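Q: This is the content of coords21.pdb (PDB, C-alpha atoms):
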ATOM      1  CA  MET A 162     118.344 116.603 112.648
ATOM      2  CA  ASP A 163     115.676 114.146 111.576
ATOM      3  CA  PHE A 164     112.958 112.898 113.936
ATOM      4  CA  ALA A 165     115.577 113.190 116.643
ATOM      5  CA  ILE A 166     116.737 115.008 119.731
ATOM      6  CA  HIS A 167     119.249 117.834 119.273
ATOM      7  CA  SER A 168     121.861 116.921 121.883
ATOM      8  CA  GLU A 169     122.089 113.220 121.088
ATOM      9  CA  LYS A 170     121.589 110.907 118.148
ATOM     10  CA  PRO A 171     117.978 109.659 118.056
ATOM     11  CA  ASN A 172     118.802 106.018 118.755
ATOM     12  CA  GLU A 173     120.984 107.036 121.703
ATOM     13  CA  LEU A 174     118.479 109.212 123.540
ATOM     14  CA  VAL A 175     115.087 107.633 122.841
ATOM     15  CA  ASP A 176     116.400 104.134 123.441
ATOM     16  CA  ARG A 177     117.949 104.900 126.843
ATOM     17  CA  ILE A 178     114.855 106.497 128.433
ATOM     18  CA  ALA A 179     113.188 104.124 130.887
ATOM     19  CA  LYS A 180     109.594 105.198 130.242
ATOM     20  CA  LYS A 181     107.483 103.141 127.845
ATOM     21  CA  ALA A 182     106.629 106.280 125.844
ATOM     22  CA  TYR A 183     108.465 109.573 125.410
ATOM     23  CA  VAL A 184     107.041 112.823 123.976
ATOM     24  CA  TRP A 185     109.118 115.188 121.862
ATOM     25  CA  PHE A 186     107.476 118.334 120.455
ATOM     26  CA  GLU A 187     109.287 121.233 118.817
ATOM     27  CA  ASP A 188     108.204 123.985 116.438
ATOM     28  CA  ASN A 189     110.054 124.805 113.219
ATOM     29  CA  TRP A 190     112.173 121.680 113.335
ATOM     30  CA  LYS A 191     115.012 121.584 110.826
ATOM     31  CA  HIS A 192     115.975 118.115 109.637
ATOM     32  CA  ASP A 193     118.939 116.573 107.944
ATOM     33  CA  THR A 194     118.713 113.731 105.455
ATOM     34  CA  LYS A 195     120.769 111.113 107.280
ATOM     35  CA  GLU A 196     119.275 107.650 107.402
ATOM     36  CA  HIS A 197     118.866 106.204 110.894
ATOM     37  CA  PHE A 198     116.812 103.837 113.040
ATOM     38  CA  HIS A 199     116.044 103.300 116.711
ATOM     39  CA  LYS A 200     114.753 100.446 118.835
ATOM     40  CA  ARG A 201     111.668 102.429 119.790
ATOM     41  CA  ALA A 202     108.795 102.823 117.371
ATOM     42  CA  GLN A 203     107.778 106.349 116.468
ATOM     43  CA  LEU A 204     104.509 108.178 115.934
ATOM     44  CA  VAL A 205     105.130 111.470 114.146
ATOM     45  CA  TYR A 206     102.300 113.908 113.452
ATOM     46  CA  VAL A 207     102.742 116.824 111.039
ATOM     47  CA  GLU A 208     100.821 119.689 112.597
ATOM     48  CA  LYS A 209     102.147 122.241 110.120
ATOM     49  CA  GLY A 210     104.029 122.004 106.828
ATOM     50  CA  PHE A 211     104.899 118.676 105.196
ATOM     51  CA  GLN A 212     107.606 116.008 105.103
ATOM     52  CA  TYR A 213     108.823 113.387 102.693
ATOM     53  CA  LEU A 214     109.581 110.078 104.411
ATOM     54  CA  HIS A 215     112.107 107.821 102.647
ATOM     55  CA  VAL A 216     111.848 104.097 103.458
ATOM     56  CA  ASN A 217     113.056 101.079 101.490
ATOM     57  CA  GLY A 218     113.234 102.785  98.110
ATOM     58  CA  ARG A 219     109.888 104.547  98.426
ATOM     59  CA  ILE A 220     109.069 108.169  99.102
ATOM     60  CA  TYR A 221     105.965 108.763 101.224
ATOM     61  CA  LEU A 222     104.257 112.110 101.513
ATOM     62  CA  LEU A 223     103.413 113.348 105.002
ATOM     63  CA  PRO A 224     101.326 116.498 104.528
ATOM     64  CA  GLN A 225      99.791 118.659 107.211
ATOM     65  CA  ASN A 226      97.361 116.832 109.540
ATOM     66  CA  HIS A 227      98.850 113.436 108.665
ATOM     67  CA  ALA A 228     100.921 111.064 110.753
ATOM     68  CA  ALA A 229     103.310 108.165 110.281
ATOM     69  CA  TRP A 230     103.791 105.143 112.484
ATOM     70  CA  ILE A 231     107.428 104.069 112.034
ATOM     71  CA  PRO A 232     108.089 100.588 113.487
ATOM     72  CA  SER A 233     111.015  99.654 115.683
ATOM     73  CA  ASN A 234     114.383  99.351 113.925
ATOM     74  CA  LEU A 235     113.058 100.522 110.561
ATOM     75  CA  SER A 236     115.743 102.523 108.755
ATOM     76  CA  HIS A 237     114.373 105.827 107.461
ATOM     77  CA  ARG A 238     115.185 109.426 106.642
ATOM     78  CA  THR A 239     113.231 112.568 105.808
ATOM     79  CA  THR A 240     113.427 115.546 103.496
ATOM     80  CA  THR A 241     111.375 118.718 103.316
ATOM     81  CA  VAL A 242     111.336 122.078 101.565
ATOM     82  CA  SER A 243     108.844 123.636 103.983
ATOM     83  CA  ASP A 244     109.919 126.954 105.459
ATOM     84  CA  ASN A 245     108.125 126.160 108.706
ATOM     85  CA  ILE A 246     107.147 122.794 110.082
ATOM     86  CA  ASN A 247     105.712 121.655 113.395
ATOM     87  CA  LEU A 248     106.158 117.979 114.254
ATOM     88  CA  ARG A 249     104.580 116.221 117.205
ATOM     89  CA  THR A 250     106.470 113.025 117.979
ATOM     90  CA  ILE A 251     105.904 110.208 120.470
ATOM     91  CA  PHE A 252     108.379 107.331 120.789
ATOM     92  CA  TYR A 253     107.075 103.980 122.042
ATOM     93  CA  SER A 254     108.643 100.804 123.337
ATOM     94  CA  VAL A 255     106.675  98.091 121.559
ATOM     95  CA  GLY A 256     106.356  94.416 122.410
ATOM     96  CA  SER A 257     104.310  91.869 120.483
ATOM     97  CA  GLU A 258     100.943  93.477 121.186
ATOM     98  CA  ASN A 259      99.591  93.483 117.637
ATOM     99  CA  ILE A 260     101.022  92.898 114.156
ATOM    100  CA  PHE A 261      99.617  96.327 113.240
ATOM    101  CA  TYR A 262     102.628  97.932 114.920
ATOM    102  CA  ASP A 263     105.154  95.949 112.845
ATOM    103  CA  LYS A 264     104.502  97.867 109.613
ATOM    104  CA  LEU A 265     104.922 101.417 108.399
ATOM    105  CA  ARG A 266     101.558 103.210 108.553
ATOM    106  CA  ILE A 267     100.642 106.623 107.181
ATOM    107  CA  PHE A 268      97.224 108.108 107.812
ATOM    108  CA  SER A 269      95.199 111.290 108.036
ATOM    109  CA  VAL A 270      94.664 112.434 111.616
ATOM    110  CA  PRO A 271      91.039 113.217 112.554
ATOM    111  CA  PRO A 272      90.273 116.268 114.729
ATOM    112  CA  VAL A 273      89.785 114.242 117.913
ATOM    113  CA  LEU A 274      93.221 112.633 117.623
ATOM    114  CA  ARG A 275      94.799 116.010 116.821
ATOM    115  CA  GLU A 276      93.448 117.373 120.105
ATOM    116  CA  ILE A 277      94.680 114.325 122.007
ATOM    117  CA  ILE A 278      98.169 114.594 120.543
ATOM    118  CA  SER A 279      98.226 118.335 121.206
ATOM    119  CA  TYR A 280      97.336 117.750 124.874
ATOM    120  CA  SER A 281     100.274 115.388 125.275
ATOM    121  CA  SER A 282     102.632 118.352 124.731
ATOM    122  CA  LYS A 283     102.533 118.890 128.515
ATOM    123  CA  TRP A 284     104.979 115.967 128.816
ATOM    124  CA  SER A 285     107.325 117.053 126.037
ATOM    125  CA  LYS A 286     110.987 116.262 126.796
ATOM    126  CA  ILE A 287     110.211 115.207 130.384
ATOM    127  CA  GLU A 288     112.123 112.069 131.330
ATOM    128  CA  GLN A 289     110.554 111.561 134.776
ATOM    129  CA  TYR A 290     107.844 108.897 135.009
ATOM    130  CA  SER A 291     104.197 109.949 135.380
ATOM    131  CA  ILE A 292     101.324 107.494 135.755
ATOM    132  CA  GLU A 293      98.968 109.986 134.077
ATOM    133  CA  GLU A 294     101.302 110.335 131.120
ATOM    134  CA  GLU A 295     101.714 106.581 130.749
ATOM    135  CA  ALA A 296      97.944 106.007 130.741
ATOM    136  CA  PHE A 297      97.298 108.878 128.326
ATOM    137  CA  LEU A 298      99.984 107.906 125.811
ATOM    138  CA  ASN A 299      98.963 104.261 126.013
ATOM    139  CA  ALA A 300      95.409 105.270 125.041
ATOM    140  CA  ILE A 301      96.809 106.882 121.873
ATOM    141  CA  PHE A 302      98.853 103.756 121.170
ATOM    142  CA  VAL A 303      95.936 101.373 121.582
ATOM    143  CA  GLY A 304      93.656 103.519 119.418
ATOM    144  CA  LEU A 305      95.979 103.787 116.403
ATOM    145  CA  PRO A 306      94.604 100.755 114.490
ATOM    146  CA  SER A 307      91.100 102.224 114.454
ATOM    147  CA  PHE A 308      92.347 105.659 113.341
ATOM    148  CA  PHE A 309      94.329 104.054 110.523
ATOM    149  CA  LYS A 310      91.532 101.794 109.280
ATOM    150  CA  ASP A 311      90.271 103.926 106.381
ATOM    151  CA  ALA A 312      93.514 105.717 105.540
ATOM    152  CA  MET A 313      95.214 105.835 102.147
ATOM    153  CA  THR A 314      98.982 106.017 101.735
ATOM    154  CA  LEU A 315     100.385 108.217  98.995
ATOM    155  CA  ASN A 316     103.847 107.175  97.829
ATOM    156  CA  ILE A 317     106.058 106.737  94.805
ATOM    157  CA  VAL A 318     108.709 104.127  94.093
ATOM    158  CA  ILE A 319     112.268 105.118  93.244
ATOM    159  CA  PRO A 320     113.391 102.895  90.321
ATOM    160  CA  ASN A 321     116.639 100.942  90.606
ATOM    161  CA  ASP A 322     117.321 100.863  86.867
ATOM    162  CA  GLU A 323     119.672 103.776  86.096
ATOM    163  CA  ARG A 324     117.780 104.761  82.940
ATOM    164  CA  LEU A 325     114.462 104.806  84.777
ATOM    165  CA  LEU A 326     115.992 106.723  87.669
ATOM    166  CA  GLN A 327     117.023 109.434  85.219
ATOM    167  CA  ILE A 328     113.521 109.450  83.745
ATOM    168  CA  SER A 329     111.962 109.600  87.211
ATOM    169  CA  ASN A 330     114.132 112.604  88.094
ATOM    170  CA  PHE A 331     113.215 114.236  84.780
ATOM    171  CA  ILE A 332     109.506 113.816  85.520
ATOM    172  CA  ILE A 333     109.857 115.295  89.003
ATOM    173  CA  ASP A 334     111.935 118.239  87.751
ATOM    174  CA  ASN A 335     109.553 118.998  84.867
ATOM    175  CA  ILE A 336     106.198 118.174  86.407
ATOM    176  CA  GLY A 337     104.761 121.556  85.441
ATOM    177  CA  ASN A 338     105.329 120.886  81.747
ATOM    178  CA  ASP A 339     103.326 118.888  79.215
ATOM    179  CA  LEU A 340     104.862 115.446  79.730
ATOM    180  CA  GLN A 341     104.181 113.054  76.862
ATOM    181  CA  VAL A 342     105.312 109.472  77.433
ATOM    182  CA  ASN A 343     106.290 108.928  73.798
ATOM    183  CA  THR A 344     108.463 112.065  73.870
ATOM    184  CA  ILE A 345     110.147 110.916  77.093
ATOM    185  CA  ALA A 346     110.908 107.560  75.461
ATOM    186  CA  GLU A 347     112.452 109.277  72.429
ATOM    187  CA  ASN A 348     114.545 111.592  74.600
ATOM    188  CA  TYR A 349     116.053 108.590  76.397
ATOM    189  CA  ASN A 350     116.535 106.480  73.261
ATOM    190  CA  MET A 351     113.929 103.895  74.200
ATOM    191  CA  SER A 352     110.918 102.576  72.380
ATOM    192  CA  LEU A 353     107.578 103.483  73.911
ATOM    193  CA  ARG A 354     106.758  99.794  74.411
ATOM    194  CA  SER A 355     110.072  99.057  76.150
ATOM    195  CA  LEU A 356     109.777 102.079  78.424
ATOM    196  CA  GLU A 357     106.259 101.174  79.511
ATOM    197  CA  ARG A 358     107.159  97.506  80.067
ATOM    198  CA  ILE A 359     110.341  98.167  82.067
ATOM    199  CA  PHE A 360     108.805 101.020  84.052
ATOM    200  CA  LYS A 361     105.846  98.927  85.192
ATOM    201  CA  LYS A 362     108.126  96.023  86.084
ATOM    202  CA  GLU A 363     110.309  98.300  88.246
ATOM    203  CA  THR A 364     107.588 100.363  89.920
ATOM    204  CA  THR A 365     104.439  98.163  89.588
ATOM    205  CA  ILE A 366     102.568 101.061  87.939
ATOM    206  CA  THR A 367     102.495 102.549  84.442
ATOM    207  CA  ILE A 368     104.580 105.608  83.661
ATOM    208  CA  SER A 369     101.375 107.575  83.019
ATOM    209  CA  LYS A 370     100.154 106.670  86.523
ATOM    210  CA  TYR A 371     103.559 107.631  87.896
ATOM    211  CA  ILE A 372     103.291 111.077  86.325
ATOM    212  CA  GLN A 373      99.797 111.464  87.808
ATOM    213  CA  LEU A 374     101.005 110.473  91.290
ATOM    214  CA  VAL A 375     103.950 112.873  91.142
ATOM    215  CA  ARG A 376     101.617 115.674  90.050
ATOM    216  CA  ILE A 377      99.267 115.035  92.960
ATOM    217  CA  ILE A 378     102.132 114.766  95.458
ATOM    218  CA  LYS A 379     103.685 118.006  94.211
ATOM    219  CA  GLY A 380     100.219 119.564  94.257
ATOM    220  CA  ILE A 381      99.837 118.721  97.933
ATOM    221  CA  GLU A 382     103.298 120.151  98.536
ATOM    222  CA  PHE A 383     102.277 123.475  96.963
ATOM    223  CA  LEU A 384      98.910 123.508  98.756
ATOM    224  CA  SER A 385     100.670 122.934 102.073
ATOM    225  CA  THR A 386     102.624 126.176 101.734
ATOM    226  CA  GLY A 387      99.456 128.267 101.800
ATOM    227  CA  LYS A 388     100.988 130.522  99.110
ATOM    228  CA  TYR A 389      98.872 129.415  96.154
ATOM    229  CA  THR A 390      95.235 129.026  95.231
ATOM    230  CA  VAL A 391      94.026 125.621  94.057
ATOM    231  CA  SER A 392      93.814 127.006  90.499
ATOM    232  CA  GLN A 393      97.429 128.166  90.639
ATOM    233  CA  VAL A 394      98.560 124.794  91.950
ATOM    234  CA  ALA A 395      96.739 123.008  89.136
ATOM    235  CA  TYR A 396      98.813 124.856  86.535
ATOM    236  CA  LEU A 397     102.042 124.570  88.548
ATOM    237  CA  VAL A 398     101.831 120.768  88.393
ATOM    238  CA  GLY A 399     100.980 120.546  84.713
ATOM    239  CA  TYR A 400      97.179 120.446  84.504
ATOM    240  CA  LYS A 401      95.491 122.593  81.891
ATOM    241  CA  SER A 402      92.430 123.277  84.035
ATOM    242  CA  LEU A 403      91.307 123.288  87.633
ATOM    243  CA  GLN A 404      88.645 120.731  86.764
ATOM    244  CA  ALA A 405      91.240 118.264  85.440
ATOM    245  CA  PHE A 406      93.397 118.688  88.551
ATOM    246  CA  SER A 407      90.418 118.285  90.873
ATOM    247  CA  ALA A 408      89.228 115.152  89.061
ATOM    248  CA  SER A 409      92.698 113.578  89.162
ATOM    249  CA  PHE A 410      93.097 114.516  92.835
ATOM    250  CA  PHE A 411      89.750 112.911  93.672
ATOM    251  CA  GLN A 412      90.630 109.763  91.722
ATOM    252  CA  ILE A 413      93.779 109.267  93.807
ATOM    253  CA  LEU A 414      92.623 110.449  97.242
ATOM    254  CA  ASN A 415      88.829 110.404  97.123
ATOM    255  CA  LYS A 416      88.899 114.062  98.193
ATOM    256  CA  ARG A 417      88.916 117.391  96.388
ATOM    257  CA  PRO A 418      92.046 119.581  96.715
ATOM    258  CA  ASN A 419      90.327 122.165  98.922
ATOM    259  CA  GLU A 420      89.188 119.407 101.290
ATOM    260  CA  PHE A 421      92.490 117.626 101.708
ATOM    261  CA  LEU A 422      94.431 119.722 104.217
ATOM    262  CA  GLY A 423      91.396 120.184 106.422
ATOM    263  CA  VAL A 424      90.749 116.460 106.814
TER     264      VAL A 424
END
Show how you would write the structure in this file as structure tokens.

A:
Amino acid sequence: MDFAIHSEKPNELVDRIAKKAYVWFEDNWKHDTKEHFHKRAQLVYVEKGFQYLHVNGRIYLLPQNHAAWIPSNLSHRTTTVSDNINLRTIFYSVGSENIFYDKLRIFSVPPVLREIISYSSKWSKIEQYSIEEEAFLNAIFVGLPSFFKDAMTLNIVIPNDERLLQISNFIIDNIGNDLQVNTIAENYNMSLRSLERIFKKETTITISKYIQLVRIIKGIEFLSTGKYTVSQVAYLVGYKSLQAFSASFFQILNKRPNEFLGV
């Protein structure tokens, strides 16, 4: 089950409820990978663990203490390898209030918003209307643009070119190794110049930047498990020193690794 209700398909249940907003909280949610959409927009907050959100050929990372705003009718699916994950989800019926709500948004959730979302658990899976609930959930809805303002989205593009798709999968599967771009080109019978040109055309970034992004994303994945120290994670994702990992992490996210999950 993805961001969905167990007894019904997500678009069937969340779209039939009369209330403007509907809360669905559940611990240790297990998801499938089926793509789906619903008429209601969706705010999903990752309280524990992490998710990968797949939308329009991109993979977005949703680590702990981050949230995604998924607009109405946007086709999406999720994957995760977390053993335990707690998602806090609110579905909204959205009109034409603000163009902000028409786009996918991913952002870190500050402590005050975490507490607000946590409080809304009192209405989880309750279909009956409550004026208090409506006012409370509307306050979250209205405040989202300000919470998102300084956020940074971390995502990677999935190439369409079959050769580049194979290379992308190779990078992901071997991220802990010493990945040299010229060696990758040789292994796939391409010139270094051709690989770099085609890769940037397909993904809008260089292959070296792609490797860096994958390393940081996988680093966050390992950090989210709580099983490894930052030093161990650095080596797991292919950095030769903690300092190099920390510097690369800061370059991408403007935060050090030990700061990230506590944002």

Q: At a cut-off of 8 Å, using all atoms listed in the file, what residues contact range 281-284 of chain A? Leave out same-chain residues fewer than 5 positions from it and give the result as a VMD selection string.

A: chain A and resid 184 to 186 294 297 to 298

Q: Which distance in Å separates CA of Lys401 in chain A and CA of Lys370 in chain A, to one decimal?

A: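 Going from CA of Lys401 in chain A over to CA of Lys370 in chain A, I get 17.2 Å.
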
Q: Smallest atom-to-atom distance to Phe309 in chain A: which of A:Asn226, A:Ser385, A:Ser369, A:Ser269, using only C-alpha atoms?

A: A:Ser269

Q: Within 8 Å of (104.0, 119.8, 83.5), only C-alpha atoms: residues as a PyMOL selection string?

A: chain A and resi 335-340+396-400

Q: Quick one: residues within 12 Å of Lys180 in chain A, all atoms listed in the file, excluding same-chain residues fewer than 3 positions away - as a PyMOL selection string?

A: chain A and resi 174-177+183-184+201+251-255+284+286-292+294-296+298-299

Q: Closest to Leu248 in chain A among A:Leu403, A:Val207, A:Val375, A:Ile231, using all atoms listed in the file?

A: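 Using all atoms listed in the file, the shortest distance to Leu248 in chain A belongs to A:Val207.
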
Q: Which residue, A:Phe261, A:Ser402, A:Ile366, A:Asn419, has the smallest gap to Thr390 in chain A when you use all atoms listed in the file?

A: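 Closest candidate: A:Asn419.
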
Q: Generate the coordinates of all heavy atoms for range 198-209 of chain A; report them as a short mmCIF file (atom, residue, chain, number, x, y, z; two decimals), in the frame of the given file.

A:
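Okay, result-v3.cif is ready:
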data_model
loop_
_atom_site.label_atom_id
_atom_site.label_comp_id
_atom_site.auth_asym_id
_atom_site.auth_seq_id
_atom_site.Cartn_x
_atom_site.Cartn_y
_atom_site.Cartn_z
N PHE A 198 117.88 104.65 112.46
CA PHE A 198 116.81 103.84 113.04
C PHE A 198 116.98 103.85 114.55
O PHE A 198 118.01 104.28 115.08
CB PHE A 198 116.84 102.40 112.51
CG PHE A 198 118.06 101.61 112.92
CD1 PHE A 198 118.05 100.84 114.08
CD2 PHE A 198 119.22 101.66 112.16
CE1 PHE A 198 119.17 100.13 114.46
CE2 PHE A 198 120.35 100.95 112.53
CZ PHE A 198 120.32 100.18 113.68
N HIS A 199 115.96 103.42 115.26
CA HIS A 199 116.04 103.30 116.71
C HIS A 199 115.18 102.13 117.15
O HIS A 199 114.27 101.69 116.44
CB HIS A 199 115.62 104.59 117.42
CG HIS A 199 114.68 105.45 116.63
ND1 HIS A 199 113.36 105.16 116.47
CD2 HIS A 199 114.91 106.58 115.94
CE1 HIS A 199 112.80 106.09 115.72
NE2 HIS A 199 113.71 106.96 115.36
N LYS A 200 115.48 101.60 118.33
CA LYS A 200 114.75 100.45 118.84
C LYS A 200 113.29 100.78 119.12
O LYS A 200 112.42 99.93 119.01
CB LYS A 200 115.42 99.91 120.11
CG LYS A 200 116.81 99.34 119.88
CD LYS A 200 117.42 98.86 121.18
CE LYS A 200 118.82 98.33 120.96
NZ LYS A 200 119.47 97.92 122.24
N ARG A 201 113.05 102.02 119.52
CA ARG A 201 111.67 102.43 119.79
C ARG A 201 110.94 102.72 118.48
O ARG A 201 111.51 103.21 117.52
CB ARG A 201 111.65 103.69 120.66
CG ARG A 201 111.99 103.43 122.11
CD ARG A 201 111.91 104.73 122.89
NE ARG A 201 112.29 104.52 124.27
CZ ARG A 201 111.44 104.55 125.30
NH1 ARG A 201 110.17 104.77 125.07
NH2 ARG A 201 111.87 104.37 126.53
N ALA A 202 109.65 102.41 118.48
CA ALA A 202 108.80 102.82 117.37
C ALA A 202 108.48 104.31 117.53
O ALA A 202 108.70 104.89 118.59
CB ALA A 202 107.52 102.00 117.36
N GLN A 203 107.96 104.90 116.47
CA GLN A 203 107.78 106.35 116.47
C GLN A 203 106.46 106.73 115.81
O GLN A 203 106.16 106.30 114.69
CB GLN A 203 108.94 106.98 115.72
CG GLN A 203 108.92 108.48 115.62
CD GLN A 203 110.15 109.01 114.91
OE1 GLN A 203 110.98 108.24 114.44
NE2 GLN A 203 110.28 110.30 114.81
N LEU A 204 105.69 107.55 116.51
CA LEU A 204 104.51 108.18 115.93
C LEU A 204 104.85 109.63 115.70
O LEU A 204 105.18 110.36 116.63
CB LEU A 204 103.31 108.08 116.89
CG LEU A 204 102.05 108.83 116.44
CD1 LEU A 204 101.45 108.19 115.18
CD2 LEU A 204 101.01 108.86 117.56
N VAL A 205 104.82 110.07 114.44
CA VAL A 205 105.13 111.47 114.15
C VAL A 205 103.94 112.09 113.43
O VAL A 205 103.47 111.58 112.41
CB VAL A 205 106.43 111.61 113.33
CG1 VAL A 205 106.37 110.82 112.02
CG2 VAL A 205 106.73 113.07 113.04
N TYR A 206 103.45 113.19 113.98
CA TYR A 206 102.30 113.91 113.45
C TYR A 206 102.76 115.26 112.91
O TYR A 206 103.45 116.01 113.59
CB TYR A 206 101.27 114.10 114.57
CG TYR A 206 100.20 115.13 114.27
CD1 TYR A 206 99.40 115.04 113.15
CD2 TYR A 206 100.00 116.21 115.14
CE1 TYR A 206 98.42 115.99 112.89
CE2 TYR A 206 99.02 117.16 114.89
CZ TYR A 206 98.23 117.04 113.76
OH TYR A 206 97.27 117.99 113.50
N VAL A 207 102.38 115.55 111.66
CA VAL A 207 102.74 116.82 111.04
C VAL A 207 101.61 117.82 111.29
O VAL A 207 100.57 117.77 110.65
CB VAL A 207 103.00 116.67 109.53
CG1 VAL A 207 103.41 118.01 108.93
CG2 VAL A 207 104.08 115.63 109.27
N GLU A 208 101.83 118.69 112.25
CA GLU A 208 100.82 119.69 112.60
C GLU A 208 100.83 120.85 111.61
O GLU A 208 99.79 121.46 111.33
CB GLU A 208 101.09 120.21 114.01
CG GLU A 208 100.07 121.21 114.51
CD GLU A 208 100.39 121.69 115.91
OE1 GLU A 208 101.43 122.35 116.09
OE2 GLU A 208 99.59 121.39 116.82
N LYS A 209 102.00 121.13 111.05
CA LYS A 209 102.15 122.24 110.12
C LYS A 209 103.25 121.91 109.12
O LYS A 209 104.27 121.36 109.49
CB LYS A 209 102.50 123.52 110.89
CG LYS A 209 102.73 124.76 110.02
CD LYS A 209 103.12 125.94 110.91
CE LYS A 209 103.41 127.17 110.07
NZ LYS A 209 103.85 128.31 110.92
#
